[in-house]
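Colleague: Have a look at this one before I ask anything.
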Amino acid sequence: MTTTARAQGATVWLTGLPSAGKTTVARLLGERLRAEGHRVEVLDGDEIRRFLSAGLGFSRADRNTNVQRIGLVSEVLARNGVLSVVPVIAPYADSREAVRKRHEASATPYIEVHVATPVQVCSERDVKGLYARQAAGQLVGLTGVDDPYEPPVDPDLVLATQHQTPRESADAVHALLVERGLL
Ligand SMILES: Nc1ncnc2c1ncn2[C@@H]1O[C@H](COP(=O)(O)OP(=O)(O)OP(=O)(O)O)[C@@H](O)[C@H]1O
Ligand SMILES: [Mg+2]
């Protein structure tokens, strides 16, 4: 008789400022994990706002609702053996804490990665032009500039992407998953 080990799922939440590198790291990590044969889902904030969170805005309450919905989906996936990678800003500490608690309640692994790129570097990258629009007065409520970002106090990993290539950052997350026995 042969037995097959049940795949171990986990949520890997990448929090950080706009243009910090969350999506870039999530995609590279996802590609690597898939190539290694793992079941992976990347729940990107922008895509989710188009369906699961359609209609939500960027008030504190709506940002929290968005994070709780994504946290619920991710926990369900992770509990069922999927590696769920979540590149979502999640600016409020209490919102992230609620997601962590949801995972703890079902003994589902939860890894918090702070993509800790300084705001100056993010505003130079400005992948979506948000920092320029904020500076020009065309946008208010940009996280880290004129809207709060509460950095994680005790994240599982901190990525200083201003000193790394995207590949190096993704590999650092991969190494942590190995270290935690999740791969
Ligand atoms: N070590 C690194 N890790 C990730 N991205 C990096 C790194 N070094 C440079 N970059 C660049 O920084 C940019 C990050 O953009 P990305 O869309 O991933 O940010 P984001 O955090 O998802 O932003 P948003 O919250 O607006 O979606 C990309 O152009 C990427 O190539
Ligand atoms: Mg992104």
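Chains: A, B, ... in order of the structure tokens. Residues: from 1 per chain. Ligands: from 1, in order shown.
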When you look at Asp147 in chain A with a cut-off of 10 Å (counting only C-alpha atoms), what residues show up, excluding the ones that are within fewer than 6 positions of it in the same chain? I need them as a list in words.

Modeller: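 In the requested form, the answer reads Phe58, Ser59, Arg60, Pro91, Val140 and Gly141 of chain A.
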
Colleague: Go ahead and dump the residues you just picked, N, CA and C atoms, as a PDB file, in the first residue's frame.

Modeller:
```pdb
ATOM      1  N   PHE A  58     -11.527  53.168  -0.794  1.00  0.00           N
ATOM      2  CA  PHE A  58     -10.252  53.165  -0.089  1.00  0.00           C
ATOM      3  C   PHE A  58     -10.347  53.835   1.288  1.00  0.00           C
ATOM      4  N   SER A  59     -11.580  53.887   1.834  1.00  0.00           N
ATOM      5  CA  SER A  59     -11.713  54.325   3.224  1.00  0.00           C
ATOM      6  C   SER A  59     -11.111  53.249   4.126  1.00  0.00           C
ATOM      7  N   ARG A  60     -10.916  53.622   5.394  1.00  0.00           N
ATOM      8  CA  ARG A  60     -10.378  52.628   6.326  1.00  0.00           C
ATOM      9  C   ARG A  60     -11.284  51.398   6.388  1.00  0.00           C
ATOM     10  N   PRO A  91      -2.835  48.010   4.795  1.00  0.00           N
ATOM     11  CA  PRO A  91      -2.095  49.035   5.544  1.00  0.00           C
ATOM     12  C   PRO A  91      -2.307  49.024   7.049  1.00  0.00           C
ATOM     13  N   VAL A 140      -6.043  61.745  -3.742  1.00  0.00           N
ATOM     14  CA  VAL A 140      -5.809  61.830  -2.302  1.00  0.00           C
ATOM     15  C   VAL A 140      -5.983  60.446  -1.686  1.00  0.00           C
ATOM     16  N   GLY A 141      -5.259  60.236  -0.568  1.00  0.00           N
ATOM     17  CA  GLY A 141      -5.380  58.961   0.137  1.00  0.00           C
ATOM     18  C   GLY A 141      -4.440  57.899  -0.385  1.00  0.00           C
TER      19      GLY A 141
END
```

Colleague: At a cut-off of 12 Å and counting only C-alpha atoms and all ligand atoms, what residues surround ligand 2? Please answer as a PyMOL selection string.

Modeller: chain A and resi 14-27+42-49+85-90+115+122+126-128

Colleague: Write out as a PyMOL selection string the set of residues from range 68-151 of chain A that DSSP, computed on the backbone, places in strand (DSSP E or B).

Modeller: chain A and resi 83-87+110-115+143+147

Colleague: As a list in words, please: the residues near Asn64 in chain A (cut-off 12 Å, only C-alpha atoms, same-chain neighbours under 3 positions excluded).

Modeller: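 Listing them by chain and then by number gives Ser53, Leu56, Gly57, Phe58, Ser59, Arg60, Ala61, Val67, Gln68, Arg69, Ile70, Gly71, Val88, Ile89, Ala90, Pro91, Tyr92, Ala93, Asp94, Ser95, Arg96, Glu97, Ala98 and Val99 of chain A.
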
Colleague: With distances taken over only C-alpha atoms and all ligand atoms, which of A:Pro148, A:Gly129, A:Gly30, A:Gly9 is nearest to ligand 1?

Modeller: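 Closest to ligand 1, using only C-alpha atoms and all ligand atoms: A:Gly129.
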
Colleague: Hey, can you check how far CA of Leu72 in chain A sits from CA of Pro109 in chain A?

Modeller: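 Separation between CA of Leu72 in chain A and CA of Pro109 in chain A: 13.5 Å.
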
Colleague: CA of Arg32 in chain A and CA of Leu52 in chain A, how far apart in Å?

Modeller: 26.3 Å

Colleague: DSSP says helix (DSSP H, G or I) for which residues of chain A? Put them as a VMD selection string?

Modeller: chain A and resid 22 to 35 45 to 50 60 to 79 93 to 105 119 to 125 130 to 135 161 to 163 166 to 179

Colleague: For range 101-108 of chain A, please output as a ChimeraX atom specification all residues within 7 Å (counting only C-alpha atoms; exclusion window: fewer than 5 positions along the same chain).

Modeller: /A:10,75,78-79

Colleague: For Glu150 in chain A, which of A:Val178, A:Ala116, A:Ala135, A:Val173 is the closest residue, counting only C-alpha atoms?

Modeller: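 Nearest candidate to Glu150 in chain A out of A:Val178, A:Ala116, A:Ala135, A:Val173: A:Ala116.
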